[in-house]
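**Student:** Submitted below is the structure of interest, expressed as structure tokens.
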Amino acid sequence: MSGKYKVYFSNDFEKTLQNKNLKNSHLLVDRNIWNLYRNKIKNKYLSTKIITAKEANKSLEEVIKYIKFLLKNNIHKNQSITVIGGALVQDVGSFTAHILLRGINWIFVPTTILAMADSCIGSKSGINVGEYKNQVGSFHAPVAIYICPEFIQTLPESEIVNGIGEILKHGLIKGGTIFEKITEEVKNIRNLRVAGEVIYQSLLIKKQIIEKDELEKNVRKLLNYGHTFGHALEGYTDHKMAHGIGVLIGMDLANFISLKEKIMSTSNFNKIHNYIFPYISTYMVKVTDYNKYMKFLSRDKKATEGELNALLSERIGKVKIVRIKLDTKLKNYIKEYFNTYARR
Ligand SMILES: NC(=O)c1ccc[n+]([C@@H]2O[C@H](COP(=O)([O-])OP(=O)(O)OC[C@H]3O[C@@H](n4cnc5c(N)ncnc54)[C@H](O)[C@@H]3O)[C@@H](O)[C@H]2O)c1
Ligand SMILES: [Zn+2]
């Protein structure tokens with residue numbers, strides 16, 4: 001299935017690209033990375049395909065175009081694809097590598113914090129079909145992952161917060177001293193040594209969970225904390241809201257619903273809210289059309305028969321799956337949340 005793979009941490013991106021694993025490989029690279037780091041990347045690959053990181057490019061049509069490009073460049077089984085970019089380019093590269101020639105090797109150099117601290121492990125890919133997000137995909141792990149925190153230096157602030165979303169999620173699921181450590185360190189994530197440490201901790205938590213449940217039959221579902229409500233916000237904003245920021249708001253909203261349902265105490269809600277809110281306050285959107293938001297919520301992969309398997313939480317370190325109805329009561333909780341916390 002997805003096999004064994006290693007995650008390497010490197011302080012020197014250029015030296016990393018000299019690695020023998022990255023030879024005999026076709027490059028798929030994010031356009032902004034190409035523009036910023038072209039001199040360090042070019043001339044090392046059998047072919048180079050540059051893609052713009054936008055949701056419209058994470059489509060089956062783009063995958064087919066890319067496959068045709070690779071076939072024209074005579075790709076064969078003993079070659080690989082090297083993906084350099086964020087999780088969007090990762091999704092395109094991973095899915096292509098999974099279906100092309102019934103599966104070829106791929107190598108990943110993640111360049112966003114989200115991709116370094118979360119999506120690079122776990123083997124998943126998701127491709128959009130029209131307006132339906134991530135509805136086609138596969139499990140196909142890269143043969144190696146090279147994490148070079150120096151890429152963080154060129155990330156805009158919103159992309160830093162985007163990555164922090166998944167890191168905090170891992171901390172909140174795990175709890176204990178690791179949560180305390182992560183929340184302290186994440187404040188200094190622009191420091192590359194600290195970034196390496198936080199990314200490592202974040203991946204370790206995810207690794208422990210996915211090793212128990214690779215195919216998301218049980219405990220791996222916890223990693224969807226914040227995602228159901230977050231995905232609906234991403235959809236509601238026509239994907240202007242970044243995934244990790246959606247996850248942060250989604251966790252806060254899930255906790256608010258947990259509070260209303262008396263699963264979480266007021267003091268636990270306030271404690272977690274005070275960790276999350278400083279990151280989201282400037283990105284918060286005011287939902288005004290609640291029927292539209294509920295429509296996106298009901299599209300969740302985990303929604304059936306008017307009900308949702310929601311990831312709610314009792315406290316830090318205790319997230320659980322609760323089946324809730326997609327009804328007026330839920331809509332009113334959501335309304336109350338946005339009326340209280342979204343100023344715009
Ligand atoms: N497969 C998975 O497990 C998984 C997990 C989470 C999210 N996703 C998907 O990934 C996508 C989001 O990925 P993302 O958050 O990594 O962002 P992204 O790949 O969309 O990149 C965000 C922006 O940052 C730019 N960028 C990337 N690295 C940069 C750098 N080092 N310096 C400057 N700019 C840089 C990109 O060009 C883009 O404009 C969504 O489509 C989401 O559905 C997949
Ligand atoms: Zn996510």
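Chain labels run A, B, ... following the order of the structure tokens; each chain numbers its residues from 1, and ligands are numbered from 1 in the order shown.
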Within 7 Å of A:Ser119, counting only C-alpha atoms, which residues show up once you throw out same-chain ones fewer than 4 positions away? Write them as a ChimeraX atom specification, please.

**Tutor:** /A:87,114-115

**Student:** How would you write, as a PyMOL selection string, the set of residues in stretch 53-170 of chain A that DSSP gives as alpha helix (DSSP H)?

**Tutor:** chain A and resi 60-72+87-99+113-114+157-170

**Student:** Give me the residues near A:Ser80 as a PDB file with N, CA and C atoms, in the first residue's frame, where near means some atom within 6 Å (using only C-alpha atoms) and where sequence neighbours in that chain fewer than 2 positions away do not count.

**Tutor:**
ATOM      1  N   SER A  25      15.056  12.110 -12.290  1.00  0.00           N
ATOM      2  CA  SER A  25      13.730  12.465 -11.807  1.00  0.00           C
ATOM      3  C   SER A  25      13.130  13.612 -12.628  1.00  0.00           C
ATOM      4  N   ASN A 105       7.665   6.023  -8.391  1.00  0.00           N
ATOM      5  CA  ASN A 105       8.186   6.663  -7.179  1.00  0.00           C
ATOM      6  C   ASN A 105       8.090   8.184  -7.277  1.00  0.00           C
ATOM      7  N   TRP A 106       7.896   8.800  -6.119  1.00  0.00           N
ATOM      8  CA  TRP A 106       7.984  10.263  -6.089  1.00  0.00           C
ATOM      9  C   TRP A 106       8.673  10.704  -4.808  1.00  0.00           C
TER      10      TRP A 106
END

**Student:** With only C-alpha atoms and all ligand atoms counted and 8 Å as the cut-off, give the residues of chain A in contact with ligand 2, each with its shortest interatomic distance in Å and the pair that gives it, as a Markdown table.

**Tutor:**
| residue | atom | partner | partner_atom_place_in_ligand_line | distance |
| --- | --- | --- | --- | --- |
| A:Asp118 | CA | ligand 2 | 1 (Zn) | 7.5 |
| A:Ser119 | CA | ligand 2 | 1 (Zn) | 7.2 |
| A:Glu166 | CA | ligand 2 | 1 (Zn) | 6.2 |
| A:Leu223 | CA | ligand 2 | 1 (Zn) | 7.7 |
| A:Asn224 | CA | ligand 2 | 1 (Zn) | 6.9 |
| A:His227 | CA | ligand 2 | 1 (Zn) | 6.4 |
| A:His243 | CA | ligand 2 | 1 (Zn) | 6.5 |
| A:Gly244 | CA | ligand 2 | 1 (Zn) | 6.3 |
| A:Val247 | CA | ligand 2 | 1 (Zn) | 6.8 |

**Student:** Please check which protein, DNA or RNA residues sit within 6 Å of ligand 1, counting only C-alpha atoms and all ligand atoms, and write them as number ranges by chain.

**Tutor:** A: 30-33, 53, 55, 85-89, 91, 111-112, 114-115, 119, 124-126, 151-152, 154-155, 243

**Student:** Which residues, written as a PDB file with N, CA and C atoms, in the first residue's frame, have at least one atom at most 7 Å from A:Glu307, with only C-alpha atoms counted and residues fewer than 2 positions away on the same chain left out?

**Tutor:**
ATOM      1  N   ALA A 303     -20.753  13.162   6.255  1.00  0.00           N
ATOM      2  CA  ALA A 303     -22.169  13.449   6.526  1.00  0.00           C
ATOM      3  C   ALA A 303     -23.070  12.438   5.828  1.00  0.00           C
ATOM      4  N   THR A 304     -23.979  11.845   6.585  1.00  0.00           N
ATOM      5  CA  THR A 304     -24.963  10.938   5.980  1.00  0.00           C
ATOM      6  C   THR A 304     -26.313  11.137   6.652  1.00  0.00           C
ATOM      7  N   GLU A 305     -27.347  10.990   5.859  1.00  0.00           N
ATOM      8  CA  GLU A 305     -28.730  11.026   6.349  1.00  0.00           C
ATOM      9  C   GLU A 305     -29.014  12.177   7.320  1.00  0.00           C
ATOM     10  N   ASN A 309     -20.747  13.114  11.473  1.00  0.00           N
ATOM     11  CA  ASN A 309     -19.834  12.579  12.486  1.00  0.00           C
ATOM     12  C   ASN A 309     -18.883  13.714  12.838  1.00  0.00           C
ATOM     13  N   ARG A 323     -21.927  11.981  16.901  1.00  0.00           N
ATOM     14  CA  ARG A 323     -22.876  12.096  15.792  1.00  0.00           C
ATOM     15  C   ARG A 323     -23.876  13.197  16.123  1.00  0.00           C
ATOM     16  N   ILE A 324     -23.918  14.247  15.268  1.00  0.00           N
ATOM     17  CA  ILE A 324     -24.865  15.337  15.535  1.00  0.00           C
ATOM     18  C   ILE A 324     -25.755  15.581  14.321  1.00  0.00           C
ATOM     19  N   LYS A 325     -26.942  16.080  14.599  1.00  0.00           N
ATOM     20  CA  LYS A 325     -27.908  16.325  13.509  1.00  0.00           C
ATOM     21  C   LYS A 325     -27.603  17.662  12.821  1.00  0.00           C
ATOM     22  N   LEU A 326     -27.745  17.660  11.496  1.00  0.00           N
ATOM     23  CA  LEU A 326     -27.593  18.909  10.735  1.00  0.00           C
ATOM     24  C   LEU A 326     -28.933  19.645  10.802  1.00  0.00           C
TER      25      LEU A 326
END

**Student:** So that I can see what lies close to A:Ile189, please list as a ChimeraX atom specification the residues with an atom at most 12 Å from it, counting only C-alpha atoms and leaving out residues fewer than 4 positions away in the same chain.

**Tutor:** /A:113,117,149-150,152-153,155,157,159-161,163-164,167,182-185,193-199

**Student:** Any chance you can output those residues with N, CA and C atoms as a short mmCIF file (atom, residue, chain, number, x, y, z; two decimals), in the first residue's frame?

**Tutor:**
data_model
loop_
_atom_site.label_atom_id
_atom_site.label_comp_id
_atom_site.auth_asym_id
_atom_site.auth_seq_id
_atom_site.Cartn_x
_atom_site.Cartn_y
_atom_site.Cartn_z
N ILE A 113 4.74 25.59 5.53
CA ILE A 113 4.77 24.98 6.87
C ILE A 113 3.71 23.88 6.95
N ALA A 117 4.78 20.27 8.15
CA ALA A 117 4.40 19.84 9.50
C ALA A 117 3.20 18.90 9.50
N PRO A 149 13.64 23.80 6.33
CA PRO A 149 12.92 24.94 6.91
C PRO A 149 13.29 26.28 6.28
N GLU A 150 14.43 26.37 5.60
CA GLU A 150 14.80 27.68 5.02
C GLU A 150 13.75 28.23 4.05
N ILE A 152 10.80 28.60 4.66
CA ILE A 152 9.85 29.41 5.44
C ILE A 152 10.15 30.91 5.29
N GLN A 153 11.41 31.22 5.06
CA GLN A 153 11.83 32.63 4.99
C GLN A 153 11.07 33.44 3.95
N LEU A 155 7.89 32.72 2.97
CA LEU A 155 6.42 32.55 3.08
C LEU A 155 5.76 33.81 3.60
N GLU A 157 2.94 36.00 5.69
CA GLU A 157 2.42 35.78 7.05
C GLU A 157 1.18 34.85 7.05
N GLU A 159 0.48 32.43 5.19
CA GLU A 159 0.88 31.03 5.01
C GLU A 159 1.53 30.47 6.27
N ILE A 160 2.12 31.35 7.08
CA ILE A 160 2.68 30.91 8.37
C ILE A 160 1.51 30.47 9.26
N VAL A 161 0.47 31.31 9.33
CA VAL A 161 -0.70 30.98 10.17
C VAL A 161 -1.39 29.73 9.63
N GLY A 163 -0.03 27.17 8.28
CA GLY A 163 0.70 26.00 8.79
C GLY A 163 0.50 25.79 10.28
N ILE A 164 0.44 26.91 11.02
CA ILE A 164 0.25 26.82 12.46
C ILE A 164 -1.08 26.11 12.79
N ILE A 167 -0.48 22.47 13.01
CA ILE A 167 0.43 22.19 14.13
C ILE A 167 -0.34 22.25 15.45
N ILE A 182 4.68 22.85 22.17
CA ILE A 182 4.34 23.29 20.80
C ILE A 182 3.79 24.71 20.81
N THR A 183 2.87 25.00 21.74
CA THR A 183 2.24 26.33 21.71
C THR A 183 3.25 27.43 22.05
N GLU A 184 4.24 27.11 22.89
CA GLU A 184 5.29 28.09 23.19
C GLU A 184 6.18 28.30 21.96
N GLU A 185 6.66 27.16 21.39
CA GLU A 185 7.64 27.24 20.30
C GLU A 185 7.06 27.85 19.02
N ARG A 193 15.63 27.27 13.43
CA ARG A 193 15.95 26.16 14.34
C ARG A 193 14.68 25.73 15.09
N VAL A 194 13.95 26.75 15.57
CA VAL A 194 12.69 26.47 16.28
C VAL A 194 11.69 25.81 15.32
N ALA A 195 11.63 26.31 14.09
CA ALA A 195 10.70 25.75 13.10
C ALA A 195 10.97 24.25 12.92
N GLY A 196 12.24 23.89 12.77
CA GLY A 196 12.61 22.47 12.60
C GLY A 196 12.10 21.64 13.76
N GLU A 197 12.25 22.17 14.97
CA GLU A 197 11.84 21.47 16.19
C GLU A 197 10.30 21.29 16.23
N VAL A 198 9.57 22.37 15.94
CA VAL A 198 8.09 22.30 15.99
C VAL A 198 7.57 21.36 14.90
N ILE A 199 8.16 21.46 13.72
CA ILE A 199 7.73 20.60 12.60
C ILE A 199 7.95 19.12 12.98
#

**Student:** Enumerate the residues of stretch 103-270 of chain A with a DSSP assignment of strand (DSSP E), computed from the backbone, and present them as a list in words.

**Tutor:**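 Filtering stretch 103-270 of chain A to strand (DSSP E) leaves Asn105, Trp106, Ile107, Phe108, Val109, Pro110, Ile127, Asn128, Val129, Tyr132, Lys133, Asn134, Gln135, Val136, Ala144, Ile145, Tyr146 and Ile147 of chain A.
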
**Student:** Which one of A:Arg190, A:His231, A:Lys174, A:His239 sits closest to A:Gln208 if you count only C-alpha atoms?

**Tutor:** A:Lys174
